[in-house]
file input_24.pdb (PDB, C-alpha atoms and all ligand atoms)
ATOM      1  CA  MET A   1      79.232 113.117 102.424
ATOM      2  CA  SER A   2      78.080 114.471 105.773
ATOM      3  CA  ARG A   3      75.489 111.685 106.008
ATOM      4  CA  LEU A   4      78.296 109.112 105.567
ATOM      5  CA  VAL A   5      80.264 110.716 108.369
ATOM      6  CA  VAL A   6      77.228 110.543 110.641
ATOM      7  CA  VAL A   7      76.630 106.875 109.803
ATOM      8  CA  PHE A   8      80.287 106.064 110.484
ATOM      9  CA  ALA A   9      80.190 107.961 113.800
ATOM     10  CA  VAL A  10      77.064 106.082 114.874
ATOM     11  CA  ILE A  11      78.621 102.699 114.000
ATOM     12  CA  THR A  12      81.801 103.595 115.893
ATOM     13  CA  PHE A  13      79.739 104.654 118.921
ATOM     14  CA  VAL A  14      77.655 101.448 118.894
ATOM     15  CA  VAL A  15      80.714  99.182 118.578
ATOM     16  CA  ALA A  16      82.582 101.039 121.316
ATOM     17  CA  CYS A  17      79.617 100.840 123.704
ATOM     18  CA  SER A  18      78.709  97.206 123.094
ATOM     19  CA  PRO A  19      80.912  94.729 124.911
ATOM     20  CA  GLY A  20      78.984  91.950 123.146
ATOM     21  CA  LEU A  21      80.324  93.132 119.818
ATOM     22  CA  VAL A  22      83.896  93.682 120.943
ATOM     23  CA  GLN A  23      84.273  90.697 123.273
ATOM     24  CA  ALA A  24      82.832  87.979 121.041
ATOM     25  CA  GLU A  25      81.813  84.495 122.162
ATOM     26  CA  PRO A  26      84.115  81.764 120.862
ATOM     27  CA  GLY A  27      83.489  81.847 117.135
ATOM     28  CA  LEU A  28      84.745  78.381 116.238
ATOM     29  CA  THR A  29      83.208  74.986 116.876
ATOM     30  CA  ALA A  30      85.058  71.723 117.424
ATOM     31  CA  LEU A  31      83.839  68.150 117.701
ATOM     32  CA  ILE A  32      85.894  65.456 119.423
ATOM     33  CA  VAL A  33      84.997  61.930 118.277
ATOM     34  CA  ASP A  34      85.714  58.989 120.596
ATOM     35  CA  GLY A  35      84.109  55.891 122.133
ATOM     36  CA  GLN A  36      86.483  53.057 121.255
ATOM     37  CA  ASN A  37      90.226  52.962 121.712
ATOM     38  CA  ASN A  38      92.866  50.431 122.763
ATOM     39  CA  HIS A  39      94.023  53.227 125.094
ATOM     40  CA  GLY A  40      91.873  52.825 128.213
ATOM     41  CA  ASN A  41      92.492  56.444 129.230
ATOM     42  CA  TRP A  42      90.549  57.791 126.233
ATOM     43  CA  PRO A  43      87.690  59.268 128.319
ATOM     44  CA  THR A  44      90.291  61.331 130.209
ATOM     45  CA  THR A  45      92.297  62.397 127.170
ATOM     46  CA  SER A  46      89.059  63.498 125.456
ATOM     47  CA  LYS A  47      88.275  65.660 128.505
ATOM     48  CA  MET A  48      91.810  67.037 128.487
ATOM     49  CA  MET A  49      91.684  67.948 124.806
ATOM     50  CA  LYS A  50      88.221  69.502 125.246
ATOM     51  CA  LYS A  51      89.548  71.723 128.023
ATOM     52  CA  TYR A  52      92.703  72.642 126.081
ATOM     53  CA  LEU A  53      90.604  73.785 123.121
ATOM     54  CA  GLU A  54      88.152  75.680 125.346
ATOM     55  CA  ASP A  55      91.079  77.350 127.152
ATOM     56  CA  THR A  56      91.956  79.105 123.882
ATOM     57  CA  LYS A  57      88.638  81.025 124.046
ATOM     58  CA  LEU A  58      88.404  80.321 120.316
ATOM     59  CA  PHE A  59      86.385  77.118 120.425
ATOM     60  CA  THR A  60      83.094  75.763 121.660
ATOM     61  CA  VAL A  61      83.707  72.019 121.973
ATOM     62  CA  GLU A  62      81.361  69.031 121.860
ATOM     63  CA  ILE A  63      82.142  65.315 122.129
ATOM     64  CA  ALA A  64      80.441  62.586 120.070
ATOM     65  CA  THR A  65      80.894  59.097 121.536
ATOM     66  CA  THR A  66      80.160  55.787 119.789
ATOM     67  CA  ALA A  67      78.856  52.610 121.402
ATOM     68  CA  LYS A  68      81.497  50.692 123.369
ATOM     69  CA  SER A  69      82.064  48.074 120.663
ATOM     70  CA  GLY A  70      81.214  47.197 117.084
ATOM     71  CA  THR A  71      79.950  49.460 114.315
ATOM     72  CA  ASP A  72      77.550  51.919 115.942
ATOM     73  CA  GLU A  73      74.767  52.455 113.399
ATOM     74  CA  SER A  74      73.438  55.399 115.418
ATOM     75  CA  PHE A  75      76.780  57.255 115.243
ATOM     76  CA  ARG A  76      75.920  59.995 112.754
ATOM     77  CA  PRO A  77      77.411  63.337 113.864
ATOM     78  CA  ASP A  78      76.529  66.347 111.737
ATOM     79  CA  PHE A  79      80.168  67.071 110.838
ATOM     80  CA  ALA A  80      79.175  70.060 108.695
ATOM     81  CA  LYS A  81      78.196  71.967 111.884
ATOM     82  CA  TYR A  82      81.829  72.133 113.016
ATOM     83  CA  ASN A  83      84.943  73.999 111.921
ATOM     84  CA  VAL A  84      87.152  71.142 113.053
ATOM     85  CA  VAL A  85      86.791  67.487 114.044
ATOM     86  CA  VAL A  86      89.377  66.000 116.433
ATOM     87  CA  SER A  87      89.711  62.215 116.471
ATOM     88  CA  ASN A  88      90.470  60.312 119.655
ATOM     89  CA  TYR A  89      88.900  57.199 118.094
ATOM     90  CA  ASN A  90      90.561  53.869 117.359
ATOM     91  CA  GLY A  91      87.881  51.225 116.934
ATOM     92  CA  ALA A  92      85.348  49.506 114.712
ATOM     93  CA  PRO A  93      84.412  50.993 111.312
ATOM     94  CA  TRP A  94      81.854  53.808 111.350
ATOM     95  CA  PRO A  95      78.602  53.238 109.448
ATOM     96  CA  GLU A  96      78.927  53.650 105.691
ATOM     97  CA  ALA A  97      76.826  56.834 105.671
ATOM     98  CA  THR A  98      78.990  58.375 108.423
ATOM     99  CA  ARG A  99      82.172  57.532 106.555
ATOM    100  CA  LYS A 100      80.820  59.131 103.399
ATOM    101  CA  ALA A 101      79.665  62.225 105.318
ATOM    102  CA  PHE A 102      83.115  62.552 106.883
ATOM    103  CA  VAL A 103      84.920  62.322 103.538
ATOM    104  CA  ASP A 104      82.551  64.930 102.072
ATOM    105  CA  TYR A 105      83.104  67.164 105.114
ATOM    106  CA  VAL A 106      86.915  67.187 104.907
ATOM    107  CA  LYS A 107      87.021  67.246 101.098
ATOM    108  CA  GLY A 108      84.655  70.221 101.172
ATOM    109  CA  GLY A 109      86.964  72.268 103.419
ATOM    110  CA  GLY A 110      86.427  70.928 106.941
ATOM    111  CA  GLY A 111      89.296  70.772 109.422
ATOM    112  CA  PHE A 112      90.483  67.472 110.879
ATOM    113  CA  VAL A 113      92.928  66.809 113.732
ATOM    114  CA  VAL A 114      94.426  63.334 114.231
ATOM    115  CA  VAL A 115      95.981  62.525 117.611
ATOM    116  CA  HIS A 116      98.097  59.481 118.521
ATOM    117  CA  ALA A 117      96.155  56.177 118.190
ATOM    118  CA  ALA A 118      93.546  57.785 115.931
ATOM    119  CA  ASN A 119      96.159  57.023 113.276
ATOM    120  CA  ASN A 120      95.832  53.306 114.101
ATOM    121  CA  ALA A 121      92.171  53.318 113.073
ATOM    122  CA  PHE A 122      90.622  52.274 109.779
ATOM    123  CA  GLY A 123      93.656  50.592 108.170
ATOM    124  CA  ASP A 124      91.633  49.614 105.104
ATOM    125  CA  TRP A 125      89.624  52.840 104.621
ATOM    126  CA  ARG A 126      91.395  54.400 101.632
ATOM    127  CA  GLU A 127      90.100  57.969 101.989
ATOM    128  CA  TYR A 128      90.858  58.057 105.712
ATOM    129  CA  ASN A 129      94.447  57.008 105.045
ATOM    130  CA  GLU A 130      94.759  59.688 102.355
ATOM    131  CA  MET A 131      93.575  62.237 104.943
ATOM    132  CA  ILE A 132      95.908  61.211 107.755
ATOM    133  CA  GLY A 133      98.916  60.734 105.451
ATOM    134  CA  LEU A 134     100.562  58.078 107.605
ATOM    135  CA  GLY A 135      99.246  55.482 110.029
ATOM    136  CA  GLY A 136     100.308  52.453 112.023
ATOM    137  CA  TRP A 137      99.034  48.974 112.896
ATOM    138  CA  GLY A 138      95.547  48.090 111.644
ATOM    139  CA  GLY A 139      97.023  45.706 109.059
ATOM    140  CA  ARG A 140      99.106  48.459 107.442
ATOM    141  CA  ASN A 141     102.007  47.289 105.269
ATOM    142  CA  GLU A 142     103.713  48.090 101.943
ATOM    143  CA  ALA A 143     100.306  48.125 100.240
ATOM    144  CA  SER A 144      99.370  51.118 102.457
ATOM    145  CA  GLY A 145     102.180  53.306 101.068
ATOM    146  CA  PRO A 146     105.803  54.134 101.907
ATOM    147  CA  TYR A 147     107.518  54.726 105.238
ATOM    148  CA  VAL A 148     108.139  58.487 105.355
ATOM    149  CA  TYR A 149     110.906  59.963 107.498
ATOM    150  CA  PHE A 150     113.978  62.237 107.500
ATOM    151  CA  ASP A 151     117.478  60.784 107.181
ATOM    152  CA  ALA A 152     120.568  61.894 109.128
ATOM    153  CA  GLU A 153     121.236  64.626 106.526
ATOM    154  CA  GLY A 154     117.745  66.055 106.982
ATOM    155  CA  LYS A 155     116.530  64.718 103.625
ATOM    156  CA  LEU A 156     112.931  63.509 103.282
ATOM    157  CA  VAL A 157     112.813  59.782 102.482
ATOM    158  CA  ARG A 158     109.872  57.844 101.033
ATOM    159  CA  ASP A 159     110.832  54.222 101.561
ATOM    160  CA  GLU A 160     108.813  51.569  99.713
ATOM    161  CA  ALA A 161     110.459  48.656 101.586
ATOM    162  CA  LYS A 162     108.218  45.780 102.625
ATOM    163  CA  GLY A 163     107.097  45.574 106.239
ATOM    164  CA  SER A 164     104.365  46.379 108.680
ATOM    165  CA  GLY A 165     103.477  49.944 109.622
ATOM    166  CA  GLY A 166     103.617  51.282 113.178
ATOM    167  CA  HIS A 167     105.981  50.529 116.051
ATOM    168  CA  HIS A 168     107.355  52.124 119.198
ATOM    169  CA  GLY A 169     109.859  51.354 121.932
ATOM    170  CA  PRO A 170     109.299  51.937 125.656
ATOM    171  CA  GLN A 171     107.967  55.362 126.622
ATOM    172  CA  HIS A 172     110.515  58.078 127.327
ATOM    173  CA  PRO A 173     110.919  61.849 127.067
ATOM    174  CA  PHE A 174     112.252  62.881 123.640
ATOM    175  CA  GLN A 175     113.263  65.967 121.713
ATOM    176  CA  ILE A 176     111.109  67.470 118.970
ATOM    177  CA  ILE A 177     113.024  69.126 116.117
ATOM    178  CA  VAL A 178     111.144  71.790 114.171
ATOM    179  CA  ARG A 179     111.857  71.321 110.440
ATOM    180  CA  ASP A 180     109.709  74.195 109.172
ATOM    181  CA  GLY A 181     109.524  77.140 111.550
ATOM    182  CA  GLN A 182     107.674  79.321 109.033
ATOM    183  CA  HIS A 183     104.385  77.385 109.112
ATOM    184  CA  PRO A 184     101.672  79.076 111.242
ATOM    185  CA  VAL A 185     101.589  76.109 113.672
ATOM    186  CA  THR A 186     105.350  76.019 114.388
ATOM    187  CA  LYS A 187     106.191  79.703 113.942
ATOM    188  CA  GLY A 188     107.845  80.997 117.111
ATOM    189  CA  MET A 189     108.526  77.549 118.575
ATOM    190  CA  PRO A 190     112.105  76.891 119.628
ATOM    191  CA  LYS A 191     113.979  74.878 116.961
ATOM    192  CA  ALA A 192     114.254  72.019 119.485
ATOM    193  CA  TRP A 193     112.075  71.260 122.504
ATOM    194  CA  MET A 194     111.680  68.388 124.943
ATOM    195  CA  HIS A 195     108.449  66.401 124.944
ATOM    196  CA  VAL A 196     107.282  64.772 128.193
ATOM    197  CA  ASN A 197     107.317  60.960 128.466
ATOM    198  CA  ASP A 198     105.486  59.406 125.472
ATOM    199  CA  GLU A 199     105.473  56.581 122.960
ATOM    200  CA  LEU A 200     107.617  57.648 120.022
ATOM    201  CA  TYR A 201     105.687  56.249 117.054
ATOM    202  CA  ASP A 202     108.021  55.066 114.307
ATOM    203  CA  LEU A 203     107.717  53.142 111.026
ATOM    204  CA  LEU A 204     104.384  54.789 110.206
ATOM    205  CA  ARG A 205     103.378  54.326 106.573
ATOM    206  CA  GLY A 206     100.641  55.502 104.273
ATOM    207  CA  PRO A 207      99.948  57.365 101.031
ATOM    208  CA  GLY A 208     101.833  60.415 102.409
ATOM    209  CA  GLU A 209     100.545  62.617  99.599
ATOM    210  CA  ASN A 210     100.105  66.401  99.873
ATOM    211  CA  MET A 211     101.830  66.030 103.222
ATOM    212  CA  HIS A 212     104.083  68.607 104.884
ATOM    213  CA  ILE A 213     106.280  67.597 107.827
ATOM    214  CA  LEU A 214     106.726  70.432 110.335
ATOM    215  CA  ALA A 215     108.640  68.582 113.079
ATOM    216  CA  THR A 216     110.341  65.245 113.721
ATOM    217  CA  ALA A 217     111.818  63.252 116.613
ATOM    218  CA  TYR A 218     114.811  60.951 116.473
ATOM    219  CA  ALA A 219     113.729  57.399 117.289
ATOM    220  CA  ASP A 220     116.940  56.275 118.976
ATOM    221  CA  LYS A 221     117.793  52.592 118.467
ATOM    222  CA  GLY A 222     119.118  52.648 122.041
ATOM    223  CA  LYS A 223     115.551  53.405 123.134
ATOM    224  CA  GLY A 224     114.020  50.686 120.964
ATOM    225  CA  GLY A 225     113.357  52.996 118.024
ATOM    226  CA  SER A 226     113.870  52.830 114.249
ATOM    227  CA  GLY A 227     117.037  54.940 114.083
ATOM    228  CA  ARG A 228     115.157  57.422 111.893
ATOM    229  CA  HIS A 229     113.880  60.963 112.340
ATOM    230  CA  GLU A 230     110.149  60.291 112.531
ATOM    231  CA  PRO A 231     107.346  62.765 111.694
ATOM    232  CA  MET A 232     105.790  64.213 114.883
ATOM    233  CA  ILE A 233     103.898  67.249 113.599
ATOM    234  CA  PHE A 234     102.594  67.339 110.033
ATOM    235  CA  THR A 235      99.805  68.545 107.798
ATOM    236  CA  VAL A 236      97.933  67.030 104.870
ATOM    237  CA  GLU A 237      95.864  68.818 102.250
ATOM    238  CA  TYR A 238      92.819  66.751 101.400
ATOM    239  CA  GLY A 239      90.541  68.317  98.805
ATOM    240  CA  LYS A 240      89.745  71.757 100.253
ATOM    241  CA  GLY A 241      90.254  70.461 103.796
ATOM    242  CA  ARG A 242      93.164  70.957 106.153
ATOM    243  CA  VAL A 243      94.342  67.974 108.206
ATOM    244  CA  PHE A 244      96.636  68.349 111.199
ATOM    245  CA  HIS A 245      98.321  65.227 112.567
ATOM    246  CA  THR A 246     100.422  64.510 115.634
ATOM    247  CA  PRO A 247     101.283  60.947 116.697
ATOM    248  CA  MET A 248     102.123  62.277 120.181
ATOM    249  CA  GLY A 249      99.714  61.958 123.118
ATOM    250  CA  HIS A 250      99.722  58.373 124.469
ATOM    251  CA  GLY A 251      99.320  58.944 128.206
ATOM    252  CA  ASN A 252      97.712  61.570 130.403
ATOM    253  CA  ASP A 253     101.254  62.718 131.237
ATOM    254  CA  SER A 254     102.118  62.976 127.508
ATOM    255  CA  GLN A 255      99.069  65.224 127.062
ATOM    256  CA  GLU A 256     100.104  67.384 130.025
ATOM    257  CA  CYS A 257     103.196  68.455 128.065
ATOM    258  CA  VAL A 258     102.949  72.175 127.299
ATOM    259  CA  GLY A 259     104.480  71.392 123.911
ATOM    260  CA  PHE A 260     101.672  68.918 123.192
ATOM    261  CA  ILE A 261      98.974  71.300 124.469
ATOM    262  CA  THR A 262     100.286  74.192 122.364
ATOM    263  CA  THR A 263     100.697  71.965 119.303
ATOM    264  CA  LEU A 264      97.116  70.686 119.658
ATOM    265  CA  GLN A 265      95.652  74.162 120.184
ATOM    266  CA  ARG A 266      97.516  75.777 117.300
ATOM    267  CA  GLY A 267      96.998  72.762 115.049
ATOM    268  CA  ALA A 268      93.258  72.851 115.680
ATOM    269  CA  GLU A 269      93.085  76.592 115.015
ATOM    270  CA  TRP A 270      95.034  76.125 111.785
ATOM    271  CA  ALA A 271      92.863  73.181 110.671
ATOM    272  CA  ALA A 272      89.744  75.241 111.386
ATOM    273  CA  THR A 273      90.808  78.545 109.814
ATOM    274  CA  GLY A 274      94.139  78.225 107.984
ATOM    275  CA  LYS A 275      95.672  80.734 110.408
ATOM    276  CA  VAL A 276      97.124  80.736 113.915
ATOM    277  CA  THR A 277      96.585  83.600 116.354
ATOM    278  CA  LEU A 278      97.482  81.680 119.535
ATOM    279  CA  PRO A 279     100.878  82.622 120.988
ATOM    280  CA  ILE A 280     103.644  80.318 122.221
ATOM    281  CA  PRO A 281     103.176  80.350 126.031
ATOM    282  CA  ASP A 282     105.897  81.421 128.460
ATOM    283  CA  ASP A 283     106.106  77.933 129.997
ATOM    284  CA  PHE A 284     106.838  76.245 126.629
ATOM    285  CA  PRO A 285     109.554  73.555 126.907
ATOM    286  CA  THR A 286     113.140  74.268 125.891
ATOM    287  CA  ALA A 287     115.776  72.195 124.075
ATOM    288  CA  ASP A 288     116.790  70.432 127.284
ATOM    289  CA  LYS A 289     113.849  70.879 129.668
ATOM    290  CA  THR A 290     110.318  69.452 129.555
ATOM    291  CA  SER A 291     107.340  71.468 130.804
ATOM    292  CA  GLN A 292     104.199  69.870 132.210
ATOM    293  CA  ARG A 293     100.855  71.279 133.418
ATOM    294  CA  LYS A 294      99.108  68.885 135.785
ATOM    295  CA  PHE A 295      95.530  68.273 134.657
ATOM    296  CA  GLY A 296      93.076  68.590 137.526
ATOM    297  CA  GLU A 297      89.848  66.658 136.966
TER     298      GLU A 297
HETATM  299 ZN    ZN B 301      99.786  54.713 122.712
END
call {"tool": "encode", "arguments": {"input": "input_24.pdb", "output": "structure tokens"}}
result
Amino acid sequence: MSRLVVVFAVITFVVACSPGLVQAEPGLTALIVDGQNNHGNWPTTSKMMKKYLEDTKLFTVEIATTAKSGTDESFRPDFAKYNVVVSNYNGAPWPEATRKAFVDYVKGGGGFVVVHAANNAFGDWREYNEMIGLGGWGGRNEASGPYVYFDAEGKLVRDEAKGSGGHHGPQHPFQIIVRDGQHPVTKGMPKAWMHVNDELYDLLRGPGENMHILATAYADKGKGGSGRHEPMIFTVEYGKGRVFHTPMGHGNDSQECVGFITTLQRGAEWAATGKVTLPIPDDFPTADKTSQRKFGE
């Protein structure tokens, strides 16, 4: 008994005196994948997302970049080294071995974060579309799965109508409506908040299985939208893996939105660990006011 007390006292003393044990290095690792994208600002948005994740003090972040065009046979990241992979990639198919490694990684419990045009990629890669739930362009149509949205009564609709997937009107600021405020990612967010100028993706379609919509935005017909409440923050369970998806984030200004930054940070933490410890910051947008942090390069 007394020996146990001594051991406990020694451990307590060592922990208390060792800043290295108390103030740990970031314990999580993230990999951003990029290299091809119809959005020319992708090198900047990758840098922005890297900084946002590092700012949390939770993540060490690396970037893996493909060749500028075509299938890059040398693109073979070791996904298994990372707690979460963030895609800023919208380009040519990855090599077969890389695709298989990525499916195994997520299925086996890896985290995956999909941002904006990353959901345009790989229209005919079945497993990828199962992971991301919904996508746009890339040849997507009724064969890809239903349109998924909320109707005016707040009811989830899975619409099998024929038609292409993916559309948006001109960029504008729009309001995000939180539909599930109990999920770790959205907990504590205001029920409604204004997103900075962005493309409001509508008419996305895909398998939409094991998908949970946390927030939507109304795609106003007066702004060139679908007239539907479109998914803006959602999750997908894929095997043992957690996928976090936001179609927001077109421009540098869109990614300067404090709502976007917070959503990305918390979504990445959740995808990596299943929990969220990051708080909602004081400068988070409100129901009628956007909030933007200028990104200094
Ligand atoms: Zn865009």
call {"tool": "residues_near_ligand", "arguments": {"input": "input_24.pdb", "ligand": "ligand ZN 301 (chain B)", "cutoff": "12 Å", "atoms": "only C-alpha atoms and all ligand atoms", "output": "ChimeraX atom specification"}}
result
/A:37-42,45,88,90,115-120,136-137,166-171,197-202,247-255
call {"tool": "closest_residue", "arguments": {"input": "input_24.pdb", "among": "A:Thr246, A:Ser164, A:Ser46, A:Thr56", "to": "Ile176 of chain A", "atoms": "all atoms listed in the file"}}
result
A:Thr246
call {"tool": "resolve_selection", "arguments": {"input": "input_24.pdb", "expression": "the PyMOL selection byres (((chain A and resi 79) around 12) and not hetatm)", "output": "PyMOL selection string"}}
result
chain A and resi 29-33+62-64+75-78+80-86+97-112
call {"tool": "write_last_selection", "arguments": {"input": "input_24.pdb", "atoms": "C-alpha atoms", "output": "mmCIF file, keeping the file's coordinate frame"}}
result
data_model
loop_
_atom_site.group_PDB
_atom_site.id
_atom_site.type_symbol
_atom_site.label_atom_id
_atom_site.label_comp_id
_atom_site.auth_asym_id
_atom_site.auth_seq_id
_atom_site.Cartn_x
_atom_site.Cartn_y
_atom_site.Cartn_z
ATOM 1 C CA THR A 29 83.208 74.986 116.876
ATOM 2 C CA ALA A 30 85.058 71.723 117.424
ATOM 3 C CA LEU A 31 83.839 68.150 117.701
ATOM 4 C CA ILE A 32 85.894 65.456 119.423
ATOM 5 C CA VAL A 33 84.997 61.930 118.277
ATOM 6 C CA GLU A 62 81.361 69.031 121.860
ATOM 7 C CA ILE A 63 82.142 65.315 122.129
ATOM 8 C CA ALA A 64 80.441 62.586 120.070
ATOM 9 C CA PHE A 75 76.780 57.255 115.243
ATOM 10 C CA ARG A 76 75.920 59.995 112.754
ATOM 11 C CA PRO A 77 77.411 63.337 113.864
ATOM 12 C CA ASP A 78 76.529 66.347 111.737
ATOM 13 C CA ALA A 80 79.175 70.060 108.695
ATOM 14 C CA LYS A 81 78.196 71.967 111.884
ATOM 15 C CA TYR A 82 81.829 72.133 113.016
ATOM 16 C CA ASN A 83 84.943 73.999 111.921
ATOM 17 C CA VAL A 84 87.152 71.142 113.053
ATOM 18 C CA VAL A 85 86.791 67.487 114.044
ATOM 19 C CA VAL A 86 89.377 66.000 116.433
ATOM 20 C CA ALA A 97 76.826 56.834 105.671
ATOM 21 C CA THR A 98 78.990 58.375 108.423
ATOM 22 C CA ARG A 99 82.172 57.532 106.555
ATOM 23 C CA LYS A 100 80.820 59.131 103.399
ATOM 24 C CA ALA A 101 79.665 62.225 105.318
ATOM 25 C CA PHE A 102 83.115 62.552 106.883
ATOM 26 C CA VAL A 103 84.920 62.322 103.538
ATOM 27 C CA ASP A 104 82.551 64.930 102.072
ATOM 28 C CA TYR A 105 83.104 67.164 105.114
ATOM 29 C CA VAL A 106 86.915 67.187 104.907
ATOM 30 C CA LYS A 107 87.021 67.246 101.098
ATOM 31 C CA GLY A 108 84.655 70.221 101.172
ATOM 32 C CA GLY A 109 86.964 72.268 103.419
ATOM 33 C CA GLY A 110 86.427 70.928 106.941
ATOM 34 C CA GLY A 111 89.296 70.772 109.422
ATOM 35 C CA PHE A 112 90.483 67.472 110.879
#
call {"tool": "resolve_selection", "arguments": {"input": "input_24.pdb", "expression": "the PyMOL selection byres (((chain A and resi 139) around 12) and not hetatm)", "output": "JSON, numbers by chain"}}
result
{"A": [120, 121, 122, 123, 124, 125, 135, 136, 137, 138, 140, 141, 142, 143, 144, 163, 164, 165, 166, 204, 205, 206]}
call {"tool": "residues_around", "arguments": {"input": "input_24.pdb", "residues": "segment 148-152 of chain A", "least_positions_apart": "3", "cutoff": "6 Å", "atoms": "all atoms listed in the file", "output": "list in words"}}
result
Lys155, Leu156, Val157, Arg158, His229 and Glu230 of chain A
call {"tool": "residues_near_point", "arguments": {"input": "input_24.pdb", "point": "(105.2, 76.8, 113.0)", "cutoff": "12 Å", "atoms": "all atoms listed in the file", "output": "PyMOL selection string"}}
result
chain A and resi 177-191+212-215+233-235+262-263+266-267+270+275-280
call {"tool": "atom_distance", "arguments": {"input": "input_24.pdb", "atom1": "atom CA of Thr286 of chain A", "atom2": "atom CA of His195 of chain A"}}
result
9.2 Å
call {"tool": "closest_residue", "arguments": {"input": "input_24.pdb", "among": "A:Met49, A:Val243, A:Ala67, A:Met131", "to": "Pro95 of chain A", "atoms": "only C-alpha atoms"}}
result
A:Ala67
call {"tool": "atom_distance", "arguments": {"input": "input_24.pdb", "atom1": "atom CA of Ala268 of chain A", "atom2": "atom CA of Gly145 of chain A"}}
result
26.0 Å
call {"tool": "atom_distance", "arguments": {"input": "input_24.pdb", "atom1": "atom CA of Pro231 of chain A", "atom2": "atom CA of Ala287 of chain A"}}
result
17.7 Å
call {"tool": "closest_residue", "arguments": {"input": "input_24.pdb", "among": "A:Arg228, A:Lys240, A:Lys47, A:Lys294", "to": "Val61 of chain A", "atoms": "all atoms listed in the file"}}
result
A:Lys47
call {"tool": "residues_around", "arguments": {"input": "input_24.pdb", "residues": "Glu209 of chain A", "least_positions_apart": "6", "cutoff": "9 Å", "atoms": "all atoms listed in the file", "output": "list in words"}}
result
Glu130, Met131, Gly133, Val236, Glu237 and Tyr238 of chain A
call {"tool": "decode", "arguments": {"input": "input_24.pdb", "residues": "segment 57-68 of chain A", "atoms": "N, CA and C atoms", "output": "PDB file, in the first residue's frame"}}
result
ATOM      1  N   LYS A  57      -3.528  23.982 -33.029  1.00  0.00           N
ATOM      2  CA  LYS A  57      -2.520  23.346 -32.164  1.00  0.00           C
ATOM      3  C   LYS A  57      -2.793  21.848 -31.991  1.00  0.00           C
ATOM      4  N   LEU A  58      -3.731  21.332 -32.761  1.00  0.00           N
ATOM      5  CA  LEU A  58      -4.033  19.895 -32.676  1.00  0.00           C
ATOM      6  C   LEU A  58      -3.293  19.110 -33.746  1.00  0.00           C
ATOM      7  N   PHE A  59      -3.020  19.787 -34.881  1.00  0.00           N
ATOM      8  CA  PHE A  59      -2.551  19.077 -36.065  1.00  0.00           C
ATOM      9  C   PHE A  59      -1.151  19.485 -36.509  1.00  0.00           C
ATOM     10  N   THR A  60      -0.376  18.498 -36.944  1.00  0.00           N
ATOM     11  CA  THR A  60       0.769  18.715 -37.808  1.00  0.00           C
ATOM     12  C   THR A  60       0.263  18.437 -39.218  1.00  0.00           C
ATOM     13  N   VAL A  61       0.552  19.344 -40.158  1.00  0.00           N
ATOM     14  CA  VAL A  61      -0.066  19.243 -41.484  1.00  0.00           C
ATOM     15  C   VAL A  61       0.989  19.149 -42.579  1.00  0.00           C
ATOM     16  N   GLU A  62       0.803  18.183 -43.482  1.00  0.00           N
ATOM     17  CA  GLU A  62       1.633  18.082 -44.679  1.00  0.00           C
ATOM     18  C   GLU A  62       0.740  18.203 -45.911  1.00  0.00           C
ATOM     19  N   ILE A  63       1.379  18.541 -47.047  1.00  0.00           N
ATOM     20  CA  ILE A  63       0.633  18.646 -48.308  1.00  0.00           C
ATOM     21  C   ILE A  63       1.269  17.688 -49.310  1.00  0.00           C
ATOM     22  N   ALA A  64       0.437  16.900 -49.995  1.00  0.00           N
ATOM     23  CA  ALA A  64       0.930  16.029 -51.073  1.00  0.00           C
ATOM     24  C   ALA A  64       0.330  16.533 -52.387  1.00  0.00           C
ATOM     25  N   THR A  65       1.207  16.880 -53.338  1.00  0.00           N
ATOM     26  CA  THR A  65       0.774  17.522 -54.576  1.00  0.00           C
ATOM     27  C   THR A  65       1.075  16.622 -55.772  1.00  0.00           C
ATOM     28  N   THR A  66       0.090  16.434 -56.633  1.00  0.00           N
ATOM     29  CA  THR A  66       0.282  15.610 -57.839  1.00  0.00           C
ATOM     30  C   THR A  66       0.995  16.430 -58.917  1.00  0.00           C
ATOM     31  N   ALA A  67       1.341  15.755 -60.011  1.00  0.00           N
ATOM     32  CA  ALA A  67       1.791  16.456 -61.216  1.00  0.00           C
ATOM     33  C   ALA A  67       0.677  17.382 -61.691  1.00  0.00           C
ATOM     34  N   LYS A  68       1.043  18.346 -62.560  1.00  0.00           N
ATOM     35  CA  LYS A  68       0.085  19.378 -62.970  1.00  0.00           C
ATOM     36  C   LYS A  68      -1.067  18.848 -63.812  1.00  0.00           C
TER      37      LYS A  68
END
